[in-house]
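Quick notes on the structure that follows.
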Amino acid sequence: MAQAIVIKNLRKEYGSKVAVKDISLRVEEGKIFSLLGVNGAGKTTTIRVLTGLSRPTDGEVRIFDKDLKSELQEIKKLCNLSPQETAIAPNLTVKENLEFIAEIYGFSRSKAIEKVRQIIEDFSLQEVEDNKAKTLSGGWQRRLSIAMALVTEPKLLFLDEPTLGLDVLARRELWRSIEKLKGRVTIVLTTHYMEEAESLSDSIAVMVKGEIKAQGSVEELKLQTGKDNLEDAFIAIAE
């Protein structure tokens with residue numbers, strides 16, 4: 001299987017503080033990979049490095065076989081980020097938000113309309129496409145935010161706490177939308193919801209104090225810890 005991300009001995013220091021301590025991991029192309037850890041474990045710093053928002057102190061990162069240090073601009077064309085904070089224009093409609101992003105990224109008007117129609121269908125946004133974004137529920141806004149990240153056709157999508165604050169039904173609906181992307185887009189997911197990671201992930205890494213303490217499939221992590229579910233396995237690793 002081709003590798004979307006290969007990290008070797010990645011280190012990030014802020015002065016005397018070491019936020020990420022020489023981690024190594026691989027993410028297979030077309031898979032959903034979850035990076036788990038308590039607050040302060042180093043997840044956000046790792047994502048910031050991988051998305052080019054922060055420079056690594058040391059180590060090697062290759063994304064689709066491109067070097068992060070020397071080919072960052074090429075990598076940025078292949079990636080997008082759906083941040084924890086819902087990033088939408090509140091006074092634009094759902095369709096207008098999507099068209100706006102498509103045109104910012106250089107799609108022609110006709111291509112933008114075509115892409116937006118496809119994304120609206122993929123994310124089942126038809127019933128709200130003409131509604132202003134500010135009138136949507138939290139679940140619809142999160143779905144729109146992720147759709148906006150995908151309208152640019154990234155090969156790699158970073159989802160930072162995509163269902164934070166959503167109710168159970170809205171969370172499950174968003175899971176279904178994310179699952180549809182498997183095989184088409186490589187996804188790196190951060191979440192505090194263990195059920196979410198267990199449901200969606202092909203592989204998982206658990207960070208503790210800047211280090212990768214365990215990685216593997218859900219079943220492999222449960223076997224390593226002798227636990228029956230991912231939450232108990234995560235607690236055993238994190239503690």
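How things are named: the first chain in the structure tokens is A, the next is B, and so on; residues count from 1 in each chain; ligands count from 1 in the order shown.
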Extract, using only C-alpha atoms, all DNA, RNA and protein residues at most 12 Å from range 195-201 of chain A, discarding same-chain residues fewer than 4 positions from it, and format them as a JSON list (two decimals) with C-alpha atoms, in the first residue's frame.
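Generated output (result.json):
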[["chain", "number", "residue", "atom", "x", "y", "z"],
["A", 27, "VAL", "CA", -0.22, 6.73, 7.23],
["A", 28, "GLU", "CA", -1.45, 4.63, 4.30],
["A", 30, "GLY", "CA", -6.83, 6.34, 1.27],
["A", 31, "LYS", "CA", -7.14, 5.36, 4.95],
["A", 32, "ILE", "CA", -8.49, 7.13, 8.03],
["A", 33, "PHE", "CA", -5.78, 7.59, 10.65],
["A", 34, "SER", "CA", -6.60, 8.87, 14.15],
["A", 35, "LEU", "CA", -4.12, 10.68, 16.37],
["A", 36, "LEU", "CA", -5.30, 10.37, 19.97],
["A", 37, "GLY", "CA", -4.06, 11.90, 23.21],
["A", 159, "LEU", "CA", -9.98, 16.86, 10.55],
["A", 161, "GLU", "CA", -12.18, 17.44, 16.41],
["A", 162, "PRO", "CA", -14.81, 17.37, 13.62],
["A", 163, "THR", "CA", -17.79, 16.50, 15.85],
["A", 164, "LEU", "CA", -16.88, 18.53, 18.94],
["A", 168, "VAL", "CA", -25.40, 12.12, 19.21],
["A", 171, "ARG", "CA", -22.34, 13.16, 15.23],
["A", 172, "ARG", "CA", -23.50, 9.87, 13.70],
["A", 173, "GLU", "CA", -24.69, 11.66, 10.55],
["A", 174, "LEU", "CA", -21.29, 13.30, 10.15],
["A", 175, "TRP", "CA", -19.58, 9.94, 10.67],
["A", 176, "ARG", "CA", -21.50, 8.58, 7.69],
["A", 177, "SER", "CA", -20.30, 11.49, 5.55],
["A", 178, "ILE", "CA", -16.69, 10.91, 6.63],
["A", 179, "GLU", "CA", -16.91, 7.15, 6.01],
["A", 180, "LYS", "CA", -17.95, 7.80, 2.40],
["A", 181, "LEU", "CA", -14.55, 9.41, 1.82],
["A", 182, "LYS", "CA", -12.60, 6.22, 2.58],
["A", 186, "THR", "CA", -6.52, 10.13, 3.13],
["A", 187, "ILE", "CA", -7.82, 11.50, 6.44],
["A", 188, "VAL", "CA", -5.92, 12.37, 9.61],
["A", 189, "LEU", "CA", -8.40, 12.72, 12.46],
["A", 190, "THR", "CA", -7.96, 14.08, 15.96],
["A", 191, "THR", "CA", -10.76, 13.44, 18.43],
["A", 205, "ALA", "CA", -1.57, 6.32, 17.24],
["A", 206, "VAL", "CA", -1.72, 7.34, 20.90],
["A", 215, "GLN", "CA", 0.00, 2.50, 17.31],
["A", 216, "GLY", "CA", -2.00, -0.01, 15.31],
["A", 217, "SER", "CA", -5.58, -0.92, 14.47],
["A", 218, "VAL", "CA", -8.31, -0.79, 17.11],
["A", 219, "GLU", "CA", -8.09, -4.56, 17.55],
["A", 220, "GLU", "CA", -4.30, -4.44, 17.86],
["A", 221, "LEU", "CA", -4.48, -1.78, 20.59],
["A", 222, "LYS", "CA", -7.07, -3.80, 22.49],
["A", 228, "ASP", "CA", -12.30, -4.99, 25.60],
["A", 229, "ASN", "CA", -12.83, -1.54, 24.10],
["A", 230, "LEU", "CA", -10.79, 1.35, 22.75],
["A", 231, "GLU", "CA", -11.56, 3.73, 25.61],
["A", 232, "ASP", "CA", -10.17, 1.35, 28.22],
["A", 233, "ALA", "CA", -7.18, 0.60, 25.97],
["A", 234, "PHE", "CA", -6.52, 4.31, 25.54]]
- What are the DSSP helix (DSSP H, G or I) residues of range 32-190 of chain A, as a PyMOL selection string? chain A and resi 43-50+72-76+94-104+109-122+126-128+133-135+138-150+168-179
Got time to write the residues from that selection, C-alpha atoms, as a PDB file, in the first residue's frame?
ATOM      1  CA  LYS A  43      -1.369  16.232  18.742  1.00  0.00           C
ATOM      2  CA  THR A  44      -2.028  19.820  17.714  1.00  0.00           C
ATOM      3  CA  THR A  45       1.693  20.572  17.383  1.00  0.00           C
ATOM      4  CA  THR A  46       2.129  17.513  15.165  1.00  0.00           C
ATOM      5  CA  ILE A  47      -0.774  18.581  12.952  1.00  0.00           C
ATOM      6  CA  ARG A  48       0.610  22.123  12.743  1.00  0.00           C
ATOM      7  CA  VAL A  49       3.924  20.738  11.502  1.00  0.00           C
ATOM      8  CA  LEU A  50       2.281  18.417   8.970  1.00  0.00           C
ATOM      9  CA  LEU A  72       6.099  22.593   1.226  1.00  0.00           C
ATOM     10  CA  GLN A  73       4.300  24.645  -1.424  1.00  0.00           C
ATOM     11  CA  GLU A  74       3.714  21.532  -3.538  1.00  0.00           C
ATOM     12  CA  ILE A  75       2.451  19.653  -0.467  1.00  0.00           C
ATOM     13  CA  LYS A  76       0.014  22.458   0.391  1.00  0.00           C
ATOM     14  CA  VAL A  94     -24.406  26.970   1.918  1.00  0.00           C
ATOM     15  CA  LYS A  95     -24.007  26.970  -1.879  1.00  0.00           C
ATOM     16  CA  GLU A  96     -22.393  30.419  -1.873  1.00  0.00           C
ATOM     17  CA  ASN A  97     -19.870  29.343   0.782  1.00  0.00           C
ATOM     18  CA  LEU A  98     -18.827  26.378  -1.348  1.00  0.00           C
ATOM     19  CA  GLU A  99     -18.669  28.387  -4.591  1.00  0.00           C
ATOM     20  CA  PHE A 100     -16.646  31.108  -2.849  1.00  0.00           C
ATOM     21  CA  ILE A 101     -13.984  28.608  -1.707  1.00  0.00           C
ATOM     22  CA  ALA A 102     -13.873  26.888  -5.103  1.00  0.00           C
ATOM     23  CA  GLU A 103     -13.265  30.184  -6.898  1.00  0.00           C
ATOM     24  CA  ILE A 104     -10.637  31.299  -4.345  1.00  0.00           C
ATOM     25  CA  ARG A 109     -16.980  29.543 -12.680  1.00  0.00           C
ATOM     26  CA  SER A 110     -18.338  26.531 -14.571  1.00  0.00           C
ATOM     27  CA  LYS A 111     -15.965  24.123 -12.811  1.00  0.00           C
ATOM     28  CA  ALA A 112     -16.798  25.665  -9.423  1.00  0.00           C
ATOM     29  CA  ILE A 113     -20.535  25.140 -10.015  1.00  0.00           C
ATOM     30  CA  GLU A 114     -19.886  21.532 -11.076  1.00  0.00           C
ATOM     31  CA  LYS A 115     -17.713  20.812  -8.024  1.00  0.00           C
ATOM     32  CA  VAL A 116     -20.200  22.430  -5.647  1.00  0.00           C
ATOM     33  CA  ARG A 117     -23.076  20.380  -7.033  1.00  0.00           C
ATOM     34  CA  GLN A 118     -21.089  17.187  -6.462  1.00  0.00           C
ATOM     35  CA  ILE A 119     -20.093  18.159  -2.902  1.00  0.00           C
ATOM     36  CA  ILE A 120     -23.692  19.095  -2.035  1.00  0.00           C
ATOM     37  CA  GLU A 121     -24.779  15.620  -3.156  1.00  0.00           C
ATOM     38  CA  ASP A 122     -21.909  13.846  -1.357  1.00  0.00           C
ATOM     39  CA  GLN A 126     -29.587  19.700  -0.750  1.00  0.00           C
ATOM     40  CA  GLU A 127     -32.237  20.595   1.813  1.00  0.00           C
ATOM     41  CA  VAL A 128     -30.162  23.500   3.220  1.00  0.00           C
ATOM     42  CA  ALA A 133     -24.937  29.431   7.059  1.00  0.00           C
ATOM     43  CA  LYS A 134     -25.709  31.329  10.279  1.00  0.00           C
ATOM     44  CA  THR A 135     -29.211  29.802  10.386  1.00  0.00           C
ATOM     45  CA  GLY A 138     -24.211  23.027  14.719  1.00  0.00           C
ATOM     46  CA  GLY A 139     -24.280  19.680  12.919  1.00  0.00           C
ATOM     47  CA  TRP A 140     -25.102  21.231   9.546  1.00  0.00           C
ATOM     48  CA  GLN A 141     -22.417  23.899  10.060  1.00  0.00           C
ATOM     49  CA  ARG A 142     -19.765  21.259  10.775  1.00  0.00           C
ATOM     50  CA  ARG A 143     -20.828  19.291   7.717  1.00  0.00           C
ATOM     51  CA  LEU A 144     -20.559  22.453   5.609  1.00  0.00           C
ATOM     52  CA  SER A 145     -17.141  23.278   7.072  1.00  0.00           C
ATOM     53  CA  ILE A 146     -15.773  19.861   6.086  1.00  0.00           C
ATOM     54  CA  ALA A 147     -17.424  20.087   2.647  1.00  0.00           C
ATOM     55  CA  MET A 148     -15.658  23.436   2.125  1.00  0.00           C
ATOM     56  CA  ALA A 149     -12.313  21.767   2.862  1.00  0.00           C
ATOM     57  CA  LEU A 150     -13.107  19.029   0.321  1.00  0.00           C
ATOM     58  CA  VAL A 168     -25.404  12.120  19.206  1.00  0.00           C
ATOM     59  CA  LEU A 169     -27.558  12.137  16.057  1.00  0.00           C
ATOM     60  CA  ALA A 170     -25.592  14.932  14.362  1.00  0.00           C
ATOM     61  CA  ARG A 171     -22.336  13.156  15.235  1.00  0.00           C
ATOM     62  CA  ARG A 172     -23.496   9.872  13.700  1.00  0.00           C
ATOM     63  CA  GLU A 173     -24.694  11.656  10.551  1.00  0.00           C
ATOM     64  CA  LEU A 174     -21.292  13.303  10.150  1.00  0.00           C
ATOM     65  CA  TRP A 175     -19.580   9.941  10.672  1.00  0.00           C
ATOM     66  CA  ARG A 176     -21.497   8.581   7.686  1.00  0.00           C
ATOM     67  CA  SER A 177     -20.299  11.492   5.548  1.00  0.00           C
ATOM     68  CA  ILE A 178     -16.685  10.905   6.628  1.00  0.00           C
ATOM     69  CA  GLU A 179     -16.907   7.153   6.013  1.00  0.00           C
TER      70      GLU A 179
END
- Task: For CA of Pro56 in chain A and CA of Lys77 in chain A, determine how far apart the two atoms are, in Å to one decimal place.
- Result: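 That distance, rounded to one decimal, is 19.4 Å.
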- Item | Within 6 Å of Thr93 in chain A using only C-alpha atoms, minus same-chain residues under 4 positions, as number ranges by chain | A: 130-133
- Message: Counting only C-alpha atoms, which residue out of A:Ile23, A:Gly40, A:Thr86, A:Gly52 sits closest to Ser70 in chain A?
- Response: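 Of all the options, A:Gly52 lies closest to Ser70 in chain A.
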- Task: Pick out the closest residue to Arg26 in chain A from this set: A:Asp65, A:Glu71, A:Asp58, A:Glu13. Count only C-alpha atoms.
- Result: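 Using only C-alpha atoms, Arg26 in chain A sits closest to A:Asp65.
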- Message: Can you pull out every residue from range 12-236 of chain A that DSSP, working from the backbone, puts in strand (DSSP E or B), and format the result as a ChimeraX atom specification?
- Response: /A:12-14,17-28,32-36,58-63,66-67,79-82,93,132,156-160,186-190,203-208,211-216
- Task: In Å, rounded to a single decimal, give me how far CA of Leu156 in chain A is from CA of Gly183 in chain A.
- Result: 11.2 Å
- CA of Ile204 in chain A to CA of Gln3 in chain A, distance in Å rounded to a single decimal: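 For CA of Ile204 in chain A relative to CA of Gln3 in chain A, the distance reads 15.1 Å.
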- Counting only C-alpha atoms, which of A:Ser24, A:Ser137, A:Thr57, A:Ser16 gets nearest to Glu211 in chain A?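 Nearest candidate to Glu211 in chain A out of A:Ser24, A:Ser137, A:Thr57, A:Ser16: A:Ser24.
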